[in-house]
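File shown: model.csv (CSV, C-alpha atoms).
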chain,number,residue,atom,x,y,z
A,27,MET,CA,102.7,113.1,89.0
A,28,LYS,CA,104.7,115.8,90.8
A,29,ASN,CA,104.8,118.0,87.7
A,30,LYS,CA,101.0,117.6,87.3
A,31,ILE,CA,100.5,118.7,90.9
A,32,LEU,CA,102.7,121.7,90.5
A,33,VAL,CA,101.0,122.7,87.2
A,34,PHE,CA,97.6,122.3,89.1
A,35,PHE,CA,98.9,124.7,91.8
A,36,ILE,CA,100.0,127.3,89.3
A,37,PHE,CA,96.7,127.2,87.5
A,38,ASN,CA,94.7,127.7,90.7
A,39,LEU,CA,97.1,130.5,91.7
A,40,LEU,CA,96.1,132.2,88.4
A,41,LEU,CA,92.4,131.7,89.3
A,42,PHE,CA,93.0,133.3,92.7
A,43,SER,CA,94.8,136.3,91.2
A,44,GLU,CA,91.8,137.1,89.1
A,45,SER,CA,89.5,137.2,92.2
A,46,ILE,CA,91.3,140.0,94.1
A,47,SER,CA,92.8,143.3,93.3
A,48,ASN,CA,96.5,144.0,93.6
A,49,LYS,CA,96.5,145.4,97.2
A,50,TYR,CA,97.6,142.6,99.5
A,51,ASN,CA,100.5,140.9,101.2
A,52,ILE,CA,100.9,137.1,101.1
A,53,ILE,CA,102.3,135.3,104.1
A,54,ILE,CA,104.3,132.2,103.0
A,55,ALA,CA,104.8,130.2,106.1
A,56,ASP,CA,104.2,126.4,105.7
A,57,ASP,CA,107.8,125.1,106.2
A,58,ASP,CA,107.0,121.6,104.9
A,59,LYS,CA,105.8,123.0,101.6
A,60,LEU,CA,108.1,126.1,101.4
A,61,ARG,CA,111.3,124.1,101.9
A,62,PRO,CA,111.1,121.8,98.8
A,63,LEU,CA,110.1,124.7,96.6
A,64,PHE,CA,113.1,126.8,97.5
A,65,GLN,CA,115.4,123.7,97.4
A,66,ASN,CA,114.3,122.1,94.2
A,67,ASN,CA,111.7,124.1,92.2
A,68,PRO,CA,113.1,127.4,90.9
A,69,GLN,CA,110.7,127.4,88.0
A,70,ILE,CA,107.7,127.2,90.2
A,71,LEU,CA,109.1,129.9,92.5
A,72,GLU,CA,109.5,132.2,89.5
A,73,LYS,CA,105.8,131.7,88.6
A,74,ILE,CA,104.8,132.4,92.2
A,75,ALA,CA,106.9,135.5,92.4
A,76,GLN,CA,105.5,136.7,89.1
A,77,LYS,CA,101.9,136.3,90.3
A,78,ILE,CA,102.7,137.9,93.6
A,79,THR,CA,104.2,141.0,92.0
A,80,ILE,CA,101.3,141.3,89.6
A,81,ASN,CA,98.5,140.9,92.1
A,82,ASN,CA,99.8,141.8,95.5
A,83,LEU,CA,101.8,144.5,97.4
A,84,GLY,CA,104.3,141.9,98.4
A,85,ALA,CA,105.1,138.9,100.6
A,86,VAL,CA,106.2,137.7,104.0
A,87,ILE,CA,108.5,134.6,103.9
A,88,HIS,CA,109.0,132.5,107.0
A,89,LEU,CA,112.8,131.9,107.1
A,90,GLY,CA,112.7,129.9,110.3
A,91,ASN,CA,112.7,130.3,114.0
A,92,ARG,CA,116.4,130.2,115.0
A,93,VAL,CA,118.3,128.0,112.5
A,94,ILE,CA,118.0,129.4,109.0
A,95,PHE,CA,121.1,129.3,106.8
A,96,ASP,CA,123.1,126.8,108.9
A,97,LYS,CA,122.8,123.0,108.8
A,98,GLY,CA,119.2,122.0,109.7
A,99,GLY,CA,117.7,125.2,108.4
A,100,ASP,CA,115.3,125.5,105.5
A,101,PHE,CA,117.8,127.6,103.6
A,102,TYR,CA,121.0,125.6,104.3
A,103,THR,CA,121.6,124.3,100.8
A,104,THR,CA,123.3,126.3,98.1
A,105,SER,CA,120.3,126.0,95.8
A,106,SER,CA,117.8,127.3,98.4
A,107,LYS,CA,120.0,130.3,99.1
A,108,GLU,CA,120.3,131.1,95.4
A,109,ASN,CA,116.6,130.6,94.9
A,110,LEU,CA,115.8,132.9,97.8
A,111,LYS,CA,118.0,135.5,96.4
A,112,THR,CA,116.4,135.2,92.9
A,113,PHE,CA,112.9,135.2,94.4
A,114,SER,CA,113.6,138.3,96.6
A,115,LYS,CA,115.1,140.2,93.7
A,116,LYS,CA,112.0,139.5,91.5
A,117,ILE,CA,109.7,140.9,94.2
A,118,LEU,CA,111.8,144.0,95.0
A,119,ASP,CA,112.5,144.8,91.3
A,120,SER,CA,108.8,145.1,90.8
A,121,ASN,CA,108.6,147.7,93.6
A,122,LYS,CA,106.8,145.3,95.9
A,123,LYS,CA,107.6,144.8,99.6
A,124,LEU,CA,109.3,141.6,100.9
A,125,TYR,CA,109.5,140.9,104.6
A,126,PHE,CA,111.5,138.1,106.2
A,127,TRP,CA,109.8,136.4,109.2
A,128,ILE,CA,112.1,135.2,112.0
A,129,PHE,CA,111.5,134.0,115.6
A,130,ASP,CA,108.4,132.1,116.8
A,131,SER,CA,107.2,132.0,120.4
A,132,TYR,CA,103.9,131.6,122.2
A,133,GLY,CA,103.5,132.6,125.8
A,134,ASN,CA,105.9,133.8,128.5
A,135,HIS,CA,108.1,130.7,128.6
A,136,ASP,CA,108.8,130.6,124.8
A,137,PHE,CA,109.3,134.4,124.7
A,138,LEU,CA,111.9,134.4,127.5
A,139,ASP,CA,113.7,131.5,125.7
A,140,THR,CA,113.9,133.7,122.6
A,141,TYR,CA,114.7,136.8,124.5
A,142,ASN,CA,117.8,135.2,126.0
A,143,VAL,CA,119.3,134.3,122.6
A,144,TYR,CA,117.8,136.7,120.0
A,145,HIS,CA,120.6,139.3,119.8
A,146,ASP,CA,123.3,136.9,118.5
A,147,LEU,CA,120.8,135.2,116.3
A,148,ALA,CA,119.7,138.5,114.7
A,149,VAL,CA,123.3,139.7,114.3
A,150,ASN,CA,124.3,136.5,112.6
A,151,LEU,CA,121.3,136.5,110.3
A,152,LYS,CA,122.0,140.1,109.2
A,153,LYS,CA,125.6,139.0,108.4
A,154,ASP,CA,124.3,136.0,106.4
A,155,LEU,CA,121.8,138.1,104.4
A,156,ASP,CA,124.5,140.7,103.7
A,157,ASN,CA,127.1,138.1,102.6
A,158,LEU,CA,124.5,136.5,100.3
A,159,ASN,CA,123.6,139.9,99.0
A,160,ILE,CA,119.9,139.2,99.6
A,161,ASP,CA,117.8,142.4,99.8
A,162,TYR,CA,114.5,142.8,101.6
A,163,SER,CA,112.1,145.4,102.9
A,164,GLY,CA,111.9,144.5,106.5
A,165,ILE,CA,111.8,141.9,109.4
A,166,VAL,CA,108.7,140.5,111.0
A,167,VAL,CA,108.8,138.5,114.3
A,168,ASP,CA,106.0,136.3,115.7
A,169,LEU,CA,106.2,136.6,119.5
A,170,GLU,CA,102.6,136.0,120.6
A,171,TRP,CA,101.0,136.5,124.0
A,172,VAL,CA,104.3,137.4,125.7
A,173,ASN,CA,102.6,137.8,129.1
A,174,LEU,CA,100.7,134.6,128.9
A,175,ASN,CA,101.0,132.3,132.0
A,176,THR,CA,103.0,134.7,134.1
A,177,GLU,CA,102.4,137.4,136.6
A,178,ASN,CA,105.5,139.3,135.4
A,179,ASP,CA,105.3,142.0,132.7
A,180,ASN,CA,107.4,141.3,129.7
A,181,SER,CA,106.4,144.4,127.8
A,182,MET,CA,109.8,146.2,128.5
A,183,LYS,CA,111.7,143.1,127.3
A,184,PHE,CA,109.6,143.1,124.2
A,185,ILE,CA,110.3,146.7,123.5
A,186,LYS,CA,114.1,146.2,124.1
A,187,LEU,CA,114.1,143.2,121.7
A,188,MET,CA,112.3,145.3,119.0
A,189,GLU,CA,114.5,148.3,119.5
A,190,ASP,CA,117.6,146.1,119.1
A,191,LEU,CA,116.2,144.6,115.9
A,192,LYS,CA,115.7,148.1,114.6
A,193,VAL,CA,119.4,148.9,115.3
A,194,ILE,CA,120.7,145.6,113.9
A,195,PHE,CA,118.5,145.7,110.7
A,196,LYS,CA,119.0,149.5,110.2
A,197,ASP,CA,117.1,151.1,107.3
A,198,LYS,CA,114.6,148.1,107.4
A,199,GLU,CA,111.0,148.1,108.5
A,200,ILE,CA,110.4,146.2,111.8
A,201,LYS,CA,107.0,144.6,112.4
A,202,TYR,CA,105.5,142.1,114.8
A,203,PHE,CA,102.6,139.7,114.7
A,204,ALA,CA,100.4,140.2,117.8
A,205,PRO,CA,96.9,139.4,119.0
A,206,LEU,CA,95.9,143.1,119.3
A,207,ILE,CA,92.3,144.2,119.9
A,208,ASP,CA,90.7,147.7,120.2
A,209,SER,CA,91.9,148.2,123.8
A,210,PRO,CA,95.3,149.7,124.6
A,211,TYR,CA,94.9,148.5,128.2
A,212,GLU,CA,94.2,144.9,127.2
A,213,ASN,CA,97.0,144.9,124.6
A,214,PHE,CA,99.4,146.2,127.3
A,215,LYS,CA,98.3,143.3,129.6
A,216,ARG,CA,99.2,141.0,126.8
A,217,GLY,CA,102.7,142.5,126.6
A,218,TYR,CA,102.5,145.1,123.9
A,219,ASN,CA,103.0,148.7,124.8
A,220,GLU,CA,101.6,150.2,121.5
A,221,TYR,CA,102.3,153.8,122.4
A,222,VAL,CA,106.0,153.2,122.8
A,223,LEU,CA,106.3,150.8,119.9
A,224,ASN,CA,104.4,153.1,117.5
A,225,SER,CA,106.6,156.0,118.6
A,226,LEU,CA,109.6,154.0,117.5
A,227,ASN,CA,107.9,153.3,114.2
A,228,ILE,CA,107.5,149.7,115.0
A,229,HIS,CA,104.0,148.5,114.1
A,230,ALA,CA,102.0,145.4,114.7
A,231,ILE,CA,100.4,143.1,112.2
A,232,SER,CA,97.3,142.1,114.3
A,233,MET,CA,96.1,138.6,113.7
A,234,LEU,CA,92.3,139.0,113.0
A,235,TYR,CA,91.7,135.2,112.5
A,236,ILE,CA,88.0,134.4,113.0
A,237,LYS,CA,88.6,130.7,113.6
A,238,ASP,CA,91.3,131.3,116.2
A,239,GLY,CA,88.9,133.7,118.1
A,240,GLY,CA,86.7,130.7,118.8
A,241,PHE,CA,83.0,129.9,118.6
A,242,TYR,CA,80.0,129.4,120.8
A,243,TYR,CA,76.8,127.3,120.4
A,244,ASP,CA,73.4,128.7,121.1
A,245,ASN,CA,69.9,127.7,120.0
A,246,SER,CA,71.2,125.0,117.6
A,247,TRP,CA,73.6,127.4,115.8
A,248,ILE,CA,77.2,128.4,116.0
A,249,TYR,CA,78.6,131.9,116.3
A,250,PRO,CA,82.1,133.2,116.1
A,251,TYR,CA,83.3,135.6,118.9
A,252,LEU,CA,85.0,137.6,116.2
A,253,ASN,CA,81.7,138.5,114.4
A,254,ASP,CA,81.2,141.2,111.8
A,255,LYS,CA,80.7,143.9,114.5
A,256,ARG,CA,83.8,143.0,116.4
A,257,ILE,CA,85.9,142.7,113.2
A,258,ASN,CA,84.8,146.2,112.2
A,259,GLU,CA,85.5,147.6,115.6
A,260,ILE,CA,89.0,146.2,115.8
A,261,ARG,CA,89.8,147.2,112.2
A,262,LYS,CA,88.8,150.8,112.9
A,263,TYR,CA,91.1,150.9,115.9
A,264,LEU,CA,94.0,149.4,114.0
A,265,THR,CA,93.6,151.8,111.1
A,266,GLU,CA,93.5,154.8,113.5
A,267,THR,CA,96.7,153.6,115.2
A,268,ASN,CA,98.5,153.0,111.9
A,269,GLN,CA,98.8,149.2,112.4
A,270,ASP,CA,98.2,146.3,109.9
A,271,THR,CA,95.8,143.4,109.8
A,272,ALA,CA,96.4,139.8,109.0
A,273,ILE,CA,93.4,137.8,107.7
A,274,ALA,CA,93.1,134.0,107.7
A,275,PHE,CA,91.1,132.4,104.9
A,276,GLU,CA,90.5,129.2,106.9
A,277,SER,CA,87.4,127.2,106.3
A,278,GLY,CA,86.5,123.9,107.9
A,279,LEU,CA,84.4,121.5,109.9
A,280,ILE,CA,82.9,122.3,113.3
A,281,VAL,CA,81.3,119.6,115.4
A,282,ILE,CA,79.3,119.9,118.6
A,283,ARG,CA,80.4,117.9,121.6
A,284,ASN,CA,78.6,118.4,125.0
A,285,ASP,CA,77.0,121.6,123.6
A,286,ASN,CA,80.5,123.0,122.8
A,287,PRO,CA,81.7,123.7,119.2
A,288,TYR,CA,85.0,122.3,118.1
A,289,PHE,CA,86.8,123.3,114.9
A,290,ILE,CA,88.4,119.9,114.1
A,291,ARG,CA,89.3,120.0,110.4
A,292,ASN,CA,90.6,122.6,107.9
A,293,PHE,CA,89.4,122.3,104.3
A,294,SER,CA,91.7,123.7,101.7
A,295,THR,CA,89.6,122.0,99.1
A,296,TYR,CA,86.3,120.3,99.8
A,297,GLU,CA,86.4,116.5,99.4
A,298,GLU,CA,83.5,115.6,97.2
A,299,ASP,CA,83.0,112.1,98.7
A,300,PHE,CA,82.7,113.5,102.2
A,301,PHE,CA,80.0,116.0,101.1
A,302,LYS,CA,78.1,113.3,99.3
A,303,ASN,CA,77.3,111.9,102.7
A,304,MET,CA,75.7,115.1,104.0
A,305,THR,CA,72.4,116.9,103.5
A,306,LEU,CA,72.5,120.7,103.6
A,307,LEU,CA,70.0,122.0,106.2
A,308,GLU,CA,70.6,125.7,106.3
A,309,THR,CA,73.0,128.4,105.2
A,310,LYS,CA,73.5,131.8,106.8
A,311,GLU,CA,75.5,134.5,105.1
A,312,TYR,CA,77.2,137.2,107.0
A,313,GLU,CA,79.4,140.1,105.8
A,314,TYR,CA,82.7,138.4,106.3
A,315,TYR,CA,81.9,134.7,106.6
A,316,LYS,CA,79.3,132.0,105.8
A,317,ILE,CA,78.0,129.1,108.0
A,318,LYS,CA,76.4,126.0,106.6
A,319,LYS,CA,74.6,123.4,108.7
A,320,TYR,CA,74.5,119.8,107.5
A,321,LYS,CA,73.1,116.5,108.6
A,322,ILE,CA,75.2,113.4,108.3
A,323,ASN,CA,73.4,110.8,106.2
A,324,ASN,CA,75.4,107.7,107.3
A,325,SER,CA,77.8,107.2,110.2
A,326,THR,CA,81.4,107.8,109.1
A,327,THR,CA,84.7,109.1,110.3
A,328,ILE,CA,86.9,112.0,109.3
A,329,LYS,CA,90.5,112.8,110.0
A,330,ARG,CA,90.9,115.8,112.3
A,331,ASN,CA,93.7,118.3,112.0
A,332,ASP,CA,95.7,116.3,114.5
A,333,LEU,CA,95.2,113.2,112.3
A,334,VAL,CA,92.9,111.5,114.9
A,335,ASP,CA,89.8,109.9,113.5
A,336,GLU,CA,86.6,111.7,114.6
A,337,ALA,CA,83.3,109.7,114.5
A,338,LEU,CA,80.3,111.4,112.9
A,339,GLU,CA,77.0,109.7,113.7
A,340,LYS,CA,74.0,109.3,111.4
A,341,ASP,CA,71.7,112.3,111.6
A,342,GLU,CA,74.3,114.3,113.6
A,343,SER,CA,74.4,118.0,112.7
A,344,ILE,CA,77.7,119.5,111.8
A,345,PHE,CA,78.7,123.0,110.6
A,346,ILE,CA,81.0,124.2,107.8
A,347,PHE,CA,82.5,127.6,108.4
A,348,GLU,CA,83.9,129.7,105.5
A,349,THR,CA,85.7,133.0,105.6
A,350,LYS,CA,84.6,135.2,102.6
A,351,LYS,CA,87.0,137.3,100.5
A,352,GLU,CA,84.9,140.3,101.4
A,353,ILE,CA,86.9,140.5,104.7
A,354,LEU,CA,90.0,141.7,102.7
A,355,LYS,CA,90.8,145.3,102.9
A,356,ASN,CA,93.6,147.4,101.4
A,357,SER,CA,97.1,146.3,102.5
A,358,ASP,CA,96.0,143.3,104.5
A,359,PHE,CA,98.3,140.4,105.1
A,360,ILE,CA,96.8,137.1,104.0
A,361,TRP,CA,97.5,134.0,106.1
A,362,GLU,CA,98.5,131.6,104.8
A,363,PHE,CA,99.7,131.1,101.2
A,364,PHE,CA,99.6,127.3,101.1
A,365,ARG,CA,96.7,126.8,103.5
A,366,SER,CA,94.2,129.2,102.1
A,367,PRO,CA,91.3,127.6,100.3
A,368,LEU,CA,91.4,130.5,97.8
A,369,PHE,CA,94.6,129.0,96.5
A,370,ASN,CA,93.2,125.5,96.2
A,371,ASP,CA,96.3,124.2,98.0
A,372,TYR,CA,98.1,121.4,96.3
A,373,LYS,CA,98.8,118.2,98.3
Before anything else, please render the file you have as structure tokens.
Amino acid sequence: MKNKILVFFIFNLLLFSESISNKYNIIIADDDKLRPLFQNNPQILEKIAQKITINNLGAVIHLGNRVIFDKGGDFYTTSSKENLKTFSKKILDSNKKLYFWIFDSYGNHDFLDTYNVYHDLAVNLKKDLDNLNIDYSGIVVDLEWVNLNTENDNSMKFIKLMEDLKVIFKDKEIKYFAPLIDSPYENFKRGYNEYVLNSLNIHAISMLYIKDGGFYYDNSWIYPYLNDKRINEIRKYLTETNQDTAIAFESGLIVIRNDNPYFIRNFSTYEEDFFKNMTLLETKEYEYYKIKKYKINNSTTIKRNDLVDEALEKDESIFIFETKKEILKNSDFIWEFFRSPLFNDYK
């Protein structure tokens, strides 16, 4: 059964590769699915690397937050280290870029926890990569909303951290995921001094995730705050400031509760049985996304992303939101390899 699932995954990866041109970067970040692949499935990794090199600029691999090559880390075993080395070599030998993603934090508290320990962690990681003779193009960190829930400004600490990484990982590109928009002032308030960082050749990968931007409900329809107009405005700014964009191909179910929309369930593949209990009422196509409105035929329940059962009542209206591949532009980073419906994620 396991082999059948993996063959199904490769087949659908082939289908995806035919649907886009070779201009993108794939973010590989789901630890629960990444870990067994690198530990036990070198043949599958070879196929994935082959398709990435043929169809994309490169990849970003999430190595882990703090523990990586030591006990408890995703790459602690000898097999996972060797497979990472082989995977990296295949990407780089094809003149594609490969980034390693380290550190994860959200908000002021998490950021300061990382800030207090990052230097030794980064130095040790550099030594481990050197000892294993694993090559790579650069390092990416995910330190989001560093000024959230504080009156203090962490922007100088963020700059120091990034400068140190540039020294530690010399000759490597240094990038950071960040919720940047088309306002330097607002981005600075969030903790990112773009002017200084860009002058150091440290550039952001801005997370332009429509779903994460939220939705509002008006006149019996839902609308994303990151609509076509806002996406184009932010993209223009990022291009002009030499910064990258990450796009999320997340599609899923939105319900209305007390006149507020809630995105409760991602769909990597649509469950046929669930859709048999729905009647399509209306579809609206936009440049970068599609919204469908359905009516529930018979009362039922569905598992939310948090695994809690959500009741759906007979005749209730729900919405399905889909991000379209037209949102992709040259050199974009695609979030996330395993969760994207374009890959028909294997379970």
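Among A:Thr112, A:Asn213, A:Asn178, A:Thr267, the residue with the shortest atom-to-atom distance to Asp161 of chain A, counting only C-alpha atoms, is A:Thr112.
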(request) Would you mind listing what lies within 7 Å of segment 271-279 of chain A as a VMD selection string, with only C-alpha atoms counted and same-chain residues fewer than 6 positions away left out? (result) chain A and resid 231 to 235 289 to 293 345 to 349 358 to 362 366 to 367
Compile the contact shell of Tyr221 of chain A as a PDB file with C-alpha atoms, in the coordinates of the input: residues with an atom at most 12 Å away, counting all atoms listed in the file, same-chain residues fewer than 2 positions apart removed.
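File produced: around.pdb:
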ATOM      1  CA  SER A 181     106.400 144.400 127.800  1.00  0.00           C
ATOM      2  CA  ILE A 185     110.300 146.700 123.500  1.00  0.00           C
ATOM      3  CA  SER A 209      91.900 148.200 123.800  1.00  0.00           C
ATOM      4  CA  PRO A 210      95.300 149.700 124.600  1.00  0.00           C
ATOM      5  CA  TYR A 211      94.900 148.500 128.200  1.00  0.00           C
ATOM      6  CA  ASN A 213      97.000 144.900 124.600  1.00  0.00           C
ATOM      7  CA  PHE A 214      99.400 146.200 127.300  1.00  0.00           C
ATOM      8  CA  TYR A 218     102.500 145.100 123.900  1.00  0.00           C
ATOM      9  CA  ASN A 219     103.000 148.700 124.800  1.00  0.00           C
ATOM     10  CA  LEU A 223     106.300 150.800 119.900  1.00  0.00           C
ATOM     11  CA  ASN A 224     104.400 153.100 117.500  1.00  0.00           C
ATOM     12  CA  SER A 225     106.600 156.000 118.600  1.00  0.00           C
ATOM     13  CA  LEU A 226     109.600 154.000 117.500  1.00  0.00           C
ATOM     14  CA  ASN A 227     107.900 153.300 114.200  1.00  0.00           C
ATOM     15  CA  ILE A 228     107.500 149.700 115.000  1.00  0.00           C
ATOM     16  CA  HIS A 229     104.000 148.500 114.100  1.00  0.00           C
ATOM     17  CA  ALA A 230     102.000 145.400 114.700  1.00  0.00           C
ATOM     18  CA  THR A 267      96.700 153.600 115.200  1.00  0.00           C
ATOM     19  CA  ASN A 268      98.500 153.000 111.900  1.00  0.00           C
ATOM     20  CA  GLN A 269      98.800 149.200 112.400  1.00  0.00           C
TER      21      GLN A 269
END
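If you measure from each of A:Val143, A:Leu138, A:Ile236, A:Ile160 to Thr176 of chain A using all atoms listed in the file, the closest one turns out to be A:Leu138.
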(request) Name the residues within 12 Å of (106.9, 138.3, 90.3), counting only C-alpha atoms in the file's coordinates, and put them as a PyMOL selection string. (result) chain A and resi 69-85+112-124
(request) Select, from A:Asn150, A:Asn51, A:Asn323, A:Asn159, the residue with the minimum atom-to-atom distance to Asp96 of chain A, counting all atoms listed in the file. (result) A:Asn150
(request) Quote the spacing between atom CA of Leu306 of chain A and atom CA of Asp285 of chain A in Å to one decimal place. (result) 20.5 Å
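You can rank A:Asp244, A:Ser163, A:Leu206, A:Leu151 by their closest distance to Ile194 of chain A using all atoms listed in the file, and at the top of that list sits A:Leu151.
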Considering only C-alpha atoms, return as a PDB file with C-alpha atoms, in the coordinates of the input whatever protein or nucleic-acid residues lie within 10 Å of Glu336 of chain A, sequence-local ones (same chain, fewer than 5 positions apart) excluded.
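What ended up in result34.pdb:
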ATOM      1  CA  VAL A 281      81.300 119.600 115.400  1.00  0.00           C
ATOM      2  CA  ILE A 290      88.400 119.900 114.100  1.00  0.00           C
ATOM      3  CA  ARG A 291      89.300 120.000 110.400  1.00  0.00           C
ATOM      4  CA  THR A 326      81.400 107.800 109.100  1.00  0.00           C
ATOM      5  CA  THR A 327      84.700 109.100 110.300  1.00  0.00           C
ATOM      6  CA  ILE A 328      86.900 112.000 109.300  1.00  0.00           C
ATOM      7  CA  LYS A 329      90.500 112.800 110.000  1.00  0.00           C
ATOM      8  CA  ARG A 330      90.900 115.800 112.300  1.00  0.00           C
TER       9      ARG A 330
END
(request) To one decimal in Å, tell me the separation between atom CA of Lys196 of chain A and atom CA of Phe363 of chain A. (result) 28.1 Å
(request) Please provide as number ranges by chain all residues within 12 Å of Gln65 of chain A, with the sequence filter that same-chain residues fewer than 6 positions apart are discarded (counting all atoms listed in the file). (result) A: 57-59, 71, 99-110
(message) To one decimal place in Å, what is the distance between atom CA of Tyr144 of chain A and atom CA of Asn157 of chain A?
(response)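 Calculated distance between atom CA of Tyr144 of chain A and atom CA of Asn157 of chain A is 19.8 Å.
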(message) Here is a test: counting all atoms listed in the file, which residue of A:Asn173, A:Gly164, A:Glu352, A:Asp139 is nearest to Glu199 of chain A?
(response)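 Closest to Glu199 of chain A of all the choices is A:Gly164.
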